[in-house]
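Enquirer: File name start14.pdb; file contents PDB, C-alpha atoms and all ligand atoms; full text below.
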MODEL        1
ATOM      1  CA  MET A  19     -37.976  30.336 -19.480
ATOM      2  CA  ASN A  20     -35.852  27.195 -19.381
ATOM      3  CA  VAL A  21     -32.550  28.466 -20.757
ATOM      4  CA  ASN A  22     -31.409  25.024 -21.940
ATOM      5  CA  ARG A  23     -34.300  24.675 -24.315
ATOM      6  CA  PRO A  24     -34.399  26.216 -27.774
ATOM      7  CA  SER A  25     -36.765  29.075 -28.094
ATOM      8  CA  VAL A  26     -39.305  29.452 -30.895
ATOM      9  CA  THR A  27     -41.708  32.331 -31.513
ATOM     10  CA  VAL A  28     -44.704  31.401 -33.637
ATOM     11  CA  VAL A  29     -46.482  34.263 -35.379
ATOM     12  CA  GLY A  30     -49.779  32.963 -36.656
ATOM     13  CA  SER A  31     -53.422  32.029 -36.535
ATOM     14  CA  LEU A  32     -55.713  30.478 -33.950
ATOM     15  CA  ASN A  33     -58.940  28.831 -35.166
ATOM     16  CA  MET A  34     -61.644  26.715 -33.639
ATOM     17  CA  ASP A  35     -61.837  23.683 -35.933
ATOM     18  CA  ILE A  36     -65.361  22.416 -36.503
ATOM     19  CA  VAL A  37     -64.562  18.907 -37.643
ATOM     20  CA  VAL A  38     -67.165  16.710 -39.337
ATOM     21  CA  GLU A  39     -66.366  13.089 -40.132
ATOM     22  CA  SER A  40     -68.333  11.820 -43.106
ATOM     23  CA  PRO A  41     -68.189   8.736 -45.337
ATOM     24  CA  ARG A  42     -67.858  11.032 -48.379
ATOM     25  CA  ALA A  43     -68.116  14.688 -49.414
ATOM     26  CA  PRO A  44     -71.570  15.858 -50.553
ATOM     27  CA  VAL A  45     -71.911  16.973 -54.165
ATOM     28  CA  LYS A  46     -73.384  20.398 -55.062
ATOM     29  CA  GLY A  47     -76.933  20.797 -53.733
ATOM     30  CA  GLU A  48     -76.788  17.527 -51.775
ATOM     31  CA  THR A  49     -77.286  16.923 -48.034
ATOM     32  CA  ILE A  50     -75.800  13.773 -46.561
ATOM     33  CA  GLN A  51     -75.606  12.192 -43.131
ATOM     34  CA  GLY A  52     -72.266  12.654 -41.336
ATOM     35  CA  LEU A  53     -70.777  10.292 -38.749
ATOM     36  CA  ARG A  54     -69.459  12.530 -35.935
ATOM     37  CA  ALA A  55     -68.749  16.207 -35.206
ATOM     38  CA  HIS A  56     -66.059  17.710 -32.956
ATOM     39  CA  PHE A  57     -65.012  21.194 -31.853
ATOM     40  CA  LEU A  58     -61.196  21.038 -31.646
ATOM     41  CA  PRO A  59     -58.626  23.809 -31.134
ATOM     42  CA  GLY A  60     -56.672  24.500 -34.316
ATOM     43  CA  GLY A  61     -55.251  27.177 -36.592
ATOM     44  CA  LYS A  62     -51.876  26.735 -38.236
ATOM     45  CA  GLY A  63     -50.133  29.085 -35.807
ATOM     46  CA  ALA A  64     -51.551  27.539 -32.637
ATOM     47  CA  ASN A  65     -51.033  23.994 -33.953
ATOM     48  CA  GLN A  66     -47.382  24.758 -34.639
ATOM     49  CA  ALA A  67     -46.941  26.437 -31.253
ATOM     50  CA  ILE A  68     -48.372  23.416 -29.426
ATOM     51  CA  ALA A  69     -46.400  20.943 -31.519
ATOM     52  CA  ALA A  70     -43.167  22.837 -30.752
ATOM     53  CA  ALA A  71     -44.008  22.984 -27.024
ATOM     54  CA  ARG A  72     -44.634  19.209 -26.939
ATOM     55  CA  LEU A  73     -41.173  18.827 -28.479
ATOM     56  CA  GLU A  74     -39.947  20.691 -25.390
ATOM     57  CA  ALA A  75     -39.057  24.054 -26.888
ATOM     58  CA  ASN A  76     -39.766  27.327 -25.086
ATOM     59  CA  VAL A  77     -42.601  28.678 -27.223
ATOM     60  CA  ARG A  78     -44.418  31.999 -27.408
ATOM     61  CA  GLN A  79     -47.278  32.624 -29.841
ATOM     62  CA  ILE A  80     -48.120  36.034 -31.245
ATOM     63  CA  GLY A  81     -51.677  36.153 -32.596
ATOM     64  CA  CYS A  82     -55.289  37.226 -32.055
ATOM     65  CA  VAL A  83     -58.569  35.654 -30.971
ATOM     66  CA  GLY A  84     -62.039  37.170 -30.583
ATOM     67  CA  ASP A  85     -63.560  38.059 -27.203
ATOM     68  CA  ASP A  86     -65.705  34.913 -27.189
ATOM     69  CA  ARG A  87     -65.755  31.424 -25.682
ATOM     70  CA  PHE A  88     -63.777  29.894 -28.587
ATOM     71  CA  GLY A  89     -61.031  32.461 -28.046
ATOM     72  CA  GLU A  90     -60.797  31.529 -24.357
ATOM     73  CA  GLN A  91     -60.673  27.827 -25.212
ATOM     74  CA  LEU A  92     -57.876  28.367 -27.745
ATOM     75  CA  ILE A  93     -55.782  30.341 -25.244
ATOM     76  CA  ASP A  94     -56.416  27.657 -22.600
ATOM     77  CA  ALA A  95     -55.214  24.969 -25.025
ATOM     78  CA  LEU A  96     -51.956  26.897 -25.572
ATOM     79  CA  ARG A  97     -51.461  27.426 -21.823
ATOM     80  CA  ASP A  98     -52.211  23.781 -21.020
ATOM     81  CA  ASN A  99     -49.324  22.885 -23.326
ATOM     82  CA  GLY A 100     -46.935  25.409 -21.783
ATOM     83  CA  VAL A 101     -47.013  27.967 -24.613
ATOM     84  CA  HIS A 102     -46.509  31.607 -23.489
ATOM     85  CA  THR A 103     -49.725  33.464 -24.332
ATOM     86  CA  ASP A 104     -48.895  37.040 -23.268
ATOM     87  CA  ALA A 105     -48.735  38.011 -26.968
ATOM     88  CA  VAL A 106     -52.115  36.476 -27.876
ATOM     89  CA  ARG A 107     -54.575  39.370 -27.970
ATOM     90  CA  SER A 108     -58.290  39.053 -27.384
ATOM     91  CA  VAL A 109     -59.897  41.553 -29.772
ATOM     92  CA  GLN A 110     -63.209  43.172 -28.772
ATOM     93  CA  GLU A 111     -66.286  42.687 -30.955
ATOM     94  CA  VAL A 112     -64.603  40.300 -33.380
ATOM     95  CA  SER A 113     -65.180  36.562 -33.652
ATOM     96  CA  THR A 114     -62.436  34.017 -33.207
ATOM     97  CA  GLY A 115     -61.217  32.396 -36.437
ATOM     98  CA  ILE A 116     -63.134  29.301 -37.519
ATOM     99  CA  ALA A 117     -62.116  26.393 -39.715
ATOM    100  CA  SER A 118     -64.708  24.070 -41.169
ATOM    101  CA  VAL A 119     -62.895  20.744 -41.550
ATOM    102  CA  LEU A 120     -64.545  17.943 -43.522
ATOM    103  CA  LEU A 121     -62.888  14.564 -42.966
ATOM    104  CA  THR A 122     -63.642  11.983 -45.636
ATOM    105  CA  GLU A 123     -61.825   8.849 -46.746
ATOM    106  CA  GLY A 124     -58.624   9.652 -44.845
ATOM    107  CA  ASP A 125     -58.312  13.178 -46.226
ATOM    108  CA  ASN A 126     -59.549  16.651 -45.364
ATOM    109  CA  ARG A 127     -61.153  19.679 -46.984
ATOM    110  CA  ILE A 128     -60.867  22.924 -45.009
ATOM    111  CA  ILE A 129     -62.539  26.323 -45.246
ATOM    112  CA  VAL A 130     -61.152  29.039 -42.972
ATOM    113  CA  VAL A 131     -62.980  32.188 -41.857
ATOM    114  CA  SER A 132     -60.238  34.488 -40.532
ATOM    115  CA  GLY A 133     -62.152  36.474 -37.897
ATOM    116  CA  ALA A 134     -59.701  37.896 -35.359
ATOM    117  CA  ASN A 135     -56.685  36.496 -37.208
ATOM    118  CA  ALA A 136     -57.101  39.395 -39.643
ATOM    119  CA  MET A 137     -56.425  41.761 -36.708
ATOM    120  CA  CYS A 138     -52.969  40.317 -36.032
ATOM    121  CA  SER A 139     -51.167  43.516 -36.988
ATOM    122  CA  PRO A 140     -47.575  44.637 -37.563
ATOM    123  CA  ASP A 141     -48.018  46.800 -34.420
ATOM    124  CA  LEU A 142     -48.551  43.665 -32.334
ATOM    125  CA  ILE A 143     -45.280  42.241 -33.621
ATOM    126  CA  ARG A 144     -43.472  45.538 -32.879
ATOM    127  CA  GLU A 145     -44.833  45.398 -29.343
ATOM    128  CA  PHE A 146     -43.177  41.993 -28.887
ATOM    129  CA  GLU A 147     -39.895  42.808 -30.629
ATOM    130  CA  SER A 148     -37.899  41.763 -27.559
ATOM    131  CA  ALA A 149     -39.557  38.309 -27.603
ATOM    132  CA  VAL A 150     -38.574  37.921 -31.253
ATOM    133  CA  ALA A 151     -35.048  39.075 -30.435
ATOM    134  CA  ASP A 152     -34.818  36.466 -27.640
ATOM    135  CA  SER A 153     -35.865  33.555 -29.905
ATOM    136  CA  ASP A 154     -33.683  31.164 -31.851
ATOM    137  CA  VAL A 155     -36.210  30.653 -34.646
ATOM    138  CA  ILE A 156     -39.293  32.568 -35.803
ATOM    139  CA  LEU A 157     -41.959  30.378 -37.401
ATOM    140  CA  LEU A 158     -44.591  31.901 -39.700
ATOM    141  CA  GLN A 159     -47.532  30.802 -41.833
ATOM    142  CA  LEU A 160     -50.007  32.749 -43.976
ATOM    143  CA  GLU A 161     -53.317  32.742 -42.092
ATOM    144  CA  ILE A 162     -52.484  36.248 -40.836
ATOM    145  CA  PRO A 163     -52.082  39.432 -42.928
ATOM    146  CA  ILE A 164     -49.037  39.332 -45.185
ATOM    147  CA  GLU A 165     -47.784  42.715 -43.914
ATOM    148  CA  THR A 166     -47.652  41.194 -40.416
ATOM    149  CA  ALA A 167     -45.576  38.259 -41.649
ATOM    150  CA  MET A 168     -43.323  40.817 -43.397
ATOM    151  CA  GLU A 169     -42.860  42.890 -40.255
ATOM    152  CA  ALA A 170     -42.132  39.809 -38.128
ATOM    153  CA  THR A 171     -39.518  38.761 -40.676
ATOM    154  CA  ARG A 172     -37.938  42.239 -40.842
ATOM    155  CA  ILE A 173     -37.653  42.373 -37.054
ATOM    156  CA  ALA A 174     -36.303  38.827 -36.860
ATOM    157  CA  LYS A 175     -33.646  39.535 -39.488
ATOM    158  CA  ARG A 176     -32.673  42.795 -37.774
ATOM    159  CA  HIS A 177     -31.843  40.658 -34.748
ATOM    160  CA  GLY A 178     -30.068  38.005 -36.819
ATOM    161  CA  LYS A 179     -32.686  35.311 -36.190
ATOM    162  CA  THR A 180     -33.593  32.338 -38.382
ATOM    163  CA  VAL A 181     -36.990  32.622 -40.087
ATOM    164  CA  VAL A 182     -38.932  29.555 -41.220
ATOM    165  CA  LEU A 183     -41.916  30.337 -43.465
ATOM    166  CA  ASN A 184     -44.613  27.732 -44.014
ATOM    167  CA  PRO A 185     -46.331  29.354 -47.045
ATOM    168  CA  ALA A 186     -49.769  27.937 -46.242
ATOM    169  CA  PRO A 187     -52.409  28.482 -47.401
ATOM    170  CA  ALA A 188     -50.982  29.207 -50.871
ATOM    171  CA  ALA A 189     -50.698  32.943 -51.607
ATOM    172  CA  GLU A 190     -48.794  35.353 -53.806
ATOM    173  CA  LEU A 191     -45.676  36.409 -51.905
ATOM    174  CA  PRO A 192     -43.683  39.604 -52.403
ATOM    175  CA  ASP A 193     -40.019  39.118 -53.335
ATOM    176  CA  GLU A 194     -39.078  41.402 -50.432
ATOM    177  CA  LEU A 195     -40.459  38.776 -48.049
ATOM    178  CA  LEU A 196     -38.948  35.795 -49.874
ATOM    179  CA  ARG A 197     -35.492  37.409 -49.881
ATOM    180  CA  MET A 198     -35.500  37.520 -46.061
ATOM    181  CA  ILE A 199     -36.572  33.899 -45.508
ATOM    182  CA  ASP A 200     -34.052  31.304 -44.330
ATOM    183  CA  VAL A 201     -36.165  28.186 -44.864
ATOM    184  CA  ILE A 202     -39.417  27.949 -46.841
ATOM    185  CA  THR A 203     -41.560  24.807 -46.593
ATOM    186  CA  PRO A 204     -44.197  24.625 -49.352
ATOM    187  CA  ASN A 205     -46.249  21.538 -50.159
ATOM    188  CA  ARG A 206     -46.640  20.573 -53.832
ATOM    189  CA  THR A 207     -49.557  22.962 -54.462
ATOM    190  CA  GLU A 208     -47.842  25.898 -52.769
ATOM    191  CA  LEU A 209     -44.568  25.185 -54.575
ATOM    192  CA  ALA A 210     -46.368  25.130 -57.921
ATOM    193  CA  SER A 211     -48.168  28.376 -57.173
ATOM    194  CA  LEU A 212     -44.966  30.134 -56.011
ATOM    195  CA  THR A 213     -42.956  29.072 -59.082
ATOM    196  CA  GLY A 214     -45.494  28.557 -61.881
ATOM    197  CA  ILE A 215     -44.020  25.070 -62.404
ATOM    198  CA  PRO A 216     -46.443  22.123 -62.085
ATOM    199  CA  VAL A 217     -45.120  19.664 -59.516
ATOM    200  CA  ASP A 218     -46.288  16.248 -60.717
ATOM    201  CA  ASP A 219     -43.011  14.325 -60.797
ATOM    202  CA  LYS A 220     -39.516  14.358 -59.255
ATOM    203  CA  LYS A 221     -37.951  16.292 -62.121
ATOM    204  CA  GLN A 222     -40.527  19.080 -61.905
ATOM    205  CA  LEU A 223     -40.207  19.096 -58.127
ATOM    206  CA  GLU A 224     -36.449  19.626 -58.325
ATOM    207  CA  ALA A 225     -36.857  22.335 -60.974
ATOM    208  CA  ALA A 226     -39.494  24.111 -58.879
ATOM    209  CA  MET A 227     -37.377  23.964 -55.706
ATOM    210  CA  ARG A 228     -34.386  25.443 -57.548
ATOM    211  CA  LYS A 229     -36.558  28.166 -59.096
ATOM    212  CA  LEU A 230     -37.935  29.087 -55.690
ATOM    213  CA  THR A 231     -34.418  29.650 -54.311
ATOM    214  CA  THR A 232     -33.835  32.152 -57.142
ATOM    215  CA  ARG A 233     -36.652  34.249 -55.605
ATOM    216  CA  GLY A 234     -34.703  34.543 -52.347
ATOM    217  CA  PRO A 235     -35.186  31.857 -49.682
ATOM    218  CA  LYS A 236     -31.862  30.320 -48.644
ATOM    219  CA  ARG A 237     -33.234  26.802 -48.241
ATOM    220  CA  VAL A 238     -36.307  25.021 -49.634
ATOM    221  CA  VAL A 239     -37.994  22.012 -48.043
ATOM    222  CA  ALA A 240     -40.959  20.603 -49.981
ATOM    223  CA  THR A 241     -43.438  18.512 -48.011
ATOM    224  CA  LEU A 242     -44.879  15.588 -49.982
ATOM    225  CA  GLY A 243     -47.617  14.229 -47.688
ATOM    226  CA  GLY A 244     -47.292  10.504 -47.039
ATOM    227  CA  ALA A 245     -44.380  10.337 -49.504
ATOM    228  CA  GLY A 246     -42.134  12.325 -47.138
ATOM    229  CA  ALA A 247     -40.227  15.465 -48.072
ATOM    230  CA  ALA A 248     -37.515  16.808 -50.357
ATOM    231  CA  TYR A 249     -34.944  19.529 -49.764
ATOM    232  CA  LEU A 250     -32.072  21.213 -51.527
ATOM    233  CA  THR A 251     -28.600  20.972 -50.036
ATOM    234  CA  GLU A 252     -26.472  24.116 -49.798
ATOM    235  CA  GLY A 253     -24.952  23.005 -53.120
ATOM    236  CA  GLN A 254     -28.493  22.914 -54.669
ATOM    237  CA  GLU A 255     -28.573  19.087 -54.796
ATOM    238  CA  ALA A 256     -32.043  17.597 -54.272
ATOM    239  CA  ARG A 257     -32.406  15.078 -51.433
ATOM    240  CA  PHE A 258     -35.513  12.977 -50.852
ATOM    241  CA  VAL A 259     -36.546  11.616 -47.457
ATOM    242  CA  SER A 260     -39.266   8.924 -47.505
ATOM    243  CA  GLY A 261     -42.391   9.112 -45.380
ATOM    244  CA  LEU A 262     -43.111   6.511 -42.705
ATOM    245  CA  ASP A 263     -45.724   3.815 -42.996
ATOM    246  CA  VAL A 264     -48.326   4.586 -40.317
ATOM    247  CA  GLU A 265     -52.055   4.066 -39.875
ATOM    248  CA  VAL A 266     -53.600   7.388 -40.927
ATOM    249  CA  VAL A 267     -56.543   8.621 -38.845
ATOM    250  CA  ASP A 268     -56.523  12.363 -39.629
ATOM    251  CA  THR A 269     -54.031  14.346 -41.711
ATOM    252  CA  THR A 270     -55.221  17.737 -40.369
ATOM    253  CA  GLY A 271     -52.203  19.478 -38.843
ATOM    254  CA  ALA A 272     -49.629  17.097 -40.366
ATOM    255  CA  GLY A 273     -47.912  20.046 -42.061
ATOM    256  CA  ASP A 274     -48.012  21.973 -38.792
ATOM    257  CA  ALA A 275     -46.337  19.104 -36.938
ATOM    258  CA  PHE A 276     -43.677  18.990 -39.655
ATOM    259  CA  ASN A 277     -42.962  22.725 -39.546
ATOM    260  CA  ALA A 278     -42.843  22.889 -35.762
ATOM    261  CA  ALA A 279     -40.432  19.964 -35.561
ATOM    262  CA  LEU A 280     -38.235  21.417 -38.295
ATOM    263  CA  ALA A 281     -38.089  24.751 -36.449
ATOM    264  CA  VAL A 282     -37.325  23.140 -33.078
ATOM    265  CA  ARG A 283     -34.603  20.915 -34.476
ATOM    266  CA  MET A 284     -33.008  23.850 -36.315
ATOM    267  CA  ALA A 285     -33.226  25.939 -33.158
ATOM    268  CA  GLU A 286     -31.299  23.124 -31.460
ATOM    269  CA  GLY A 287     -28.528  23.654 -34.008
ATOM    270  CA  PHE A 288     -29.000  20.579 -36.199
ATOM    271  CA  GLU A 289     -28.429  20.740 -39.939
ATOM    272  CA  LEU A 290     -31.371  20.823 -42.348
ATOM    273  CA  GLY A 291     -31.313  17.145 -43.422
ATOM    274  CA  ASP A 292     -31.447  16.013 -39.799
ATOM    275  CA  ALA A 293     -34.256  18.480 -39.087
ATOM    276  CA  VAL A 294     -36.248  17.150 -42.062
ATOM    277  CA  ARG A 295     -35.966  13.548 -40.817
ATOM    278  CA  PHE A 296     -37.015  14.609 -37.312
ATOM    279  CA  ALA A 297     -39.966  16.523 -38.822
ATOM    280  CA  ILE A 298     -41.092  13.491 -40.837
ATOM    281  CA  CYS A 299     -41.213  11.372 -37.659
ATOM    282  CA  THR A 300     -43.233  14.096 -35.910
ATOM    283  CA  SER A 301     -45.806  14.454 -38.693
ATOM    284  CA  ALA A 302     -46.086  10.665 -39.113
ATOM    285  CA  LEU A 303     -47.101  10.382 -35.453
ATOM    286  CA  ALA A 304     -49.457  13.371 -35.719
ATOM    287  CA  VAL A 305     -51.618  11.732 -38.409
ATOM    288  CA  THR A 306     -52.303   8.656 -36.268
ATOM    289  CA  LYS A 307     -54.715  10.628 -34.034
ATOM    290  CA  LEU A 308     -57.863  12.685 -34.609
ATOM    291  CA  GLY A 309     -57.524  16.483 -34.518
ATOM    292  CA  ALA A 310     -54.614  18.800 -35.212
ATOM    293  CA  GLN A 311     -53.622  19.784 -31.675
ATOM    294  CA  PRO A 312     -54.684  16.591 -29.866
ATOM    295  CA  GLY A 313     -52.544  14.609 -32.319
ATOM    296  CA  MET A 314     -49.248  16.441 -31.727
ATOM    297  CA  PRO A 315     -46.719  13.919 -30.327
ATOM    298  CA  SER A 316     -44.454  14.326 -27.315
ATOM    299  CA  ARG A 317     -40.669  14.573 -27.553
ATOM    300  CA  ASN A 318     -40.349  11.015 -26.192
ATOM    301  CA  GLU A 319     -42.708   9.622 -28.816
ATOM    302  CA  VAL A 320     -40.778  11.307 -31.621
ATOM    303  CA  GLU A 321     -37.402  10.251 -30.269
ATOM    304  CA  SER A 322     -38.503   6.626 -30.047
ATOM    305  CA  LEU A 323     -39.197   6.716 -33.796
ATOM    306  CA  PHE A 324     -36.257   8.888 -34.827
ATOM    307  CA  VAL A 325     -32.980   7.193 -35.730
ATOM    308  CA  MET A 326     -30.215   9.767 -36.097
TER     309      MET A 326
HETATM  310  O1  LIG B   1     -53.142  23.127 -40.815
HETATM  311  C1  LIG B   1     -54.355  22.703 -40.236
HETATM  312  C2  LIG B   1     -55.143  23.883 -39.789
HETATM  313  O2  LIG B   1     -55.527  24.624 -40.918
HETATM  314  C3  LIG B   1     -56.429  23.540 -39.085
HETATM  315  O3  LIG B   1     -56.259  23.358 -37.693
HETATM  316  C4  LIG B   1     -57.339  24.684 -39.447
HETATM  317  O4  LIG B   1     -57.596  25.547 -38.387
HETATM  318  C5  LIG B   1     -56.626  25.425 -40.581
HETATM  319  O5  LIG B   1     -56.129  26.603 -40.153
ENDMDL
END
Using structure tokens, write down the structure from this file.
Ligand code: RIB
Expert:
Amino acid sequence: MNVNRPSVTVVGSLNMDIVVESPRAPVKGETIQGLRAHFLPGGKGANQAIAAARLEANVRQIGCVGDDRFGEQLIDALRDNGVHTDAVRSVQEVSTGIASVLLTEGDNRIIVVSGANAMCSPDLIREFESAVADSDVILLQLEIPIETAMEATRIAKRHGKTVVLNPAPAAELPDELLRMIDVITPNRTELASLTGIPVDDKKQLEAAMRKLTTRGPKRVVATLGGAGAAYLTEGQEARFVSGLDVEVVDTTGAGDAFNAALAVRMAEGFELGDAVRFAICTSALAVTKLGAQPGMPSRNEVESLFVM
């Protein structure tokens, strides 16, 4: 480990993304001709781990793949980017997670089949308690069982670590989990589902962010796609940070780039507003390339865009 670098443990999924580019989405019962197909390493956990490693953090991922070729390819992708993979288990007789990603008109539609991600157990987290204890920030998403995210959070808090939860995909979350979270990063849909408040305008967004803090998380950062992000200050004031104008090729993994950058910057000791601006630069660069992991920018690329 490079001791000068911040250290981030990502607890989360690994999927092989089967990406199909198509001029439009088919309607029910219809077959249409696509443009191109790609098999690209993905999964919210692995995307965030690779994004954080490219931002020059020391990164370890805890997660599970199946004992198949996709699993090997996903572990290789992590290793090639310098992510520690000793806590990525290959589970016998289970398939690696798969995501079917349909890219149409600059947007995506994703269906995930969990496979081995469902085997990422609280026991696996307990086995790597010392890795959690040695990290500055623990970064979680919800493509693994909720009890595993809970156990990772409990262990992290026992060791006084900062926990960032990216509540994606949207799910019901127990208050016990929310009360332990330092920073939660929902998008509009996830924020609406966690608070019951529709998030169609700024006023509703602010109301929803404030309501979410009443459920426990210390800080809320809402991601707003191309429009940027919003966060609440410690005094509960809403702050909006605009998105950057870039040529969008593929938005898959944009949220992962954002969360990884936020976690790395916080692990470096910067305050939340700074971390949000750094994260917006990272996700803006990520959407200019095809594929979640291939699109994750380097530290130099982000720094050339980021004005403190
Ligand atoms: O956040 C993007 C990711 O979501 C994709 O890589 C896909 O695997 C799904 O998990």
Enquirer: Nearest to ligand LIG 1 (chain B): which of A:Thr241, A:Asn126, A:Thr270, A:Gln254 is it, counting all atoms listed in the file?
Expert: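 Comparing A:Thr241, A:Asn126, A:Thr270, A:Gln254 against ligand LIG 1 (chain B), the winner is A:Thr270.
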Enquirer: Just checking: using only C-alpha atoms and all ligand atoms, which residue out of A:Phe276, A:Tyr249, A:Phe324, A:Phe146 ends up closest to ligand LIG 1 (chain B)?
Expert: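 The closest residue to ligand LIG 1 (chain B) is A:Phe276.
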Enquirer: Exactly which residues make up the result of the PyMOL selection byres (((chain A and resi 247) around 9) and not hetatm) on this file, given as JSON, numbers by chain?
Expert: {"A": [205, 239, 240, 241, 242, 243, 244, 245, 246, 248, 249, 257, 258, 259, 260, 261, 294, 295, 298]}
Enquirer: Name the residues, by chain letter and number, that sit within 6 Å of ligand LIG 1 (chain B) using all atoms listed in the file, and give them as a PyMOL selection string.
Expert: chain A and resi 33+35+60-62+117+270-271+274+310
Enquirer: Find the residues around His177 in chain A up to 10 Å (only C-alpha atoms counted), leave out those fewer than 2 positions away in its own chain, and share them as a list in words.
Expert: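 Neighbouring residues, sequence-local ones excluded: Glu147, Ser148, Val150, Ala151, Asp152, Ser153, Thr171, Arg172, Ile173, Ala174, Lys175, Lys179 and Thr180 of chain A.
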Enquirer: Given the file above and the PyMOL selection byres (((chain A and resi 157) around 7) and not hetatm), which residues are selected, and can you give them as a list in words?
Expert: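 For this structure, the PyMOL selection byres (((chain A and resi 157) around 7) and not hetatm) captures Thr27, Val28, Val29, Val155, Ile156, Leu158, Val181, Val182, Leu183 and Ala281 of chain A.
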Enquirer: Once the PyMOL selection byres (((chain A and resi 78) around 10) and not hetatm) has been evaluated on this model, what residues remain selected, and can you format them as an mmCIF file with C-alpha atoms, in the frame of the given file?
Expert:
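Saved file result.cif follows:
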data_model
loop_
_atom_site.group_PDB
_atom_site.id
_atom_site.type_symbol
_atom_site.label_atom_id
_atom_site.label_comp_id
_atom_site.auth_asym_id
_atom_site.auth_seq_id
_atom_site.Cartn_x
_atom_site.Cartn_y
_atom_site.Cartn_z
ATOM 1 C CA SER A 25 -36.765 29.075 -28.094
ATOM 2 C CA VAL A 26 -39.305 29.452 -30.895
ATOM 3 C CA THR A 27 -41.708 32.331 -31.513
ATOM 4 C CA VAL A 28 -44.704 31.401 -33.637
ATOM 5 C CA VAL A 29 -46.482 34.263 -35.379
ATOM 6 C CA ALA A 64 -51.551 27.539 -32.637
ATOM 7 C CA ALA A 67 -46.941 26.437 -31.253
ATOM 8 C CA ILE A 68 -48.372 23.416 -29.426
ATOM 9 C CA ALA A 70 -43.167 22.837 -30.752
ATOM 10 C CA ALA A 71 -44.008 22.984 -27.024
ATOM 11 C CA ALA A 75 -39.057 24.054 -26.888
ATOM 12 C CA ASN A 76 -39.766 27.327 -25.086
ATOM 13 C CA VAL A 77 -42.601 28.678 -27.223
ATOM 14 C CA GLN A 79 -47.278 32.624 -29.841
ATOM 15 C CA ILE A 80 -48.120 36.034 -31.245
ATOM 16 C CA GLY A 81 -51.677 36.153 -32.596
ATOM 17 C CA LEU A 96 -51.956 26.897 -25.572
ATOM 18 C CA GLY A 100 -46.935 25.409 -21.783
ATOM 19 C CA VAL A 101 -47.013 27.967 -24.613
ATOM 20 C CA HIS A 102 -46.509 31.607 -23.489
ATOM 21 C CA THR A 103 -49.725 33.464 -24.332
ATOM 22 C CA ASP A 104 -48.895 37.040 -23.268
ATOM 23 C CA ALA A 105 -48.735 38.011 -26.968
ATOM 24 C CA VAL A 106 -52.115 36.476 -27.876
ATOM 25 C CA ALA A 149 -39.557 38.309 -27.603
ATOM 26 C CA VAL A 150 -38.574 37.921 -31.253
ATOM 27 C CA SER A 153 -35.865 33.555 -29.905
ATOM 28 C CA ILE A 156 -39.293 32.568 -35.803
#
Enquirer: My list of candidates is A:Glu265, A:Gly273, A:Glu252, A:Gly309. Which is closest to Glu289 in chain A when distances are computed with all atoms listed in the file?
Expert: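 Result for the nearest residue to Glu289 in chain A: A:Glu252.
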Enquirer: Identify which of the residues A:Lys307, A:Ser31, A:Asn65, A:Ser118 lies closest to Ala279 in chain A, counting only C-alpha atoms when measuring atom-to-atom distances.
Expert: A:Asn65
Enquirer: Leaving out Pro235 in chain A and any residue of its chain fewer than 4 positions from it, which residues lie within 7 Å of it when counting only C-alpha atoms, given as a ChimeraX atom specification?
Expert: /A:196-202,231
Enquirer: Excluding Asp219 in chain A and residues on its chain fewer than 5 positions from it, collect all residues at most 12 Å away from it, counting all atoms listed in the file, and give them as a count of residues only.
Expert: 6
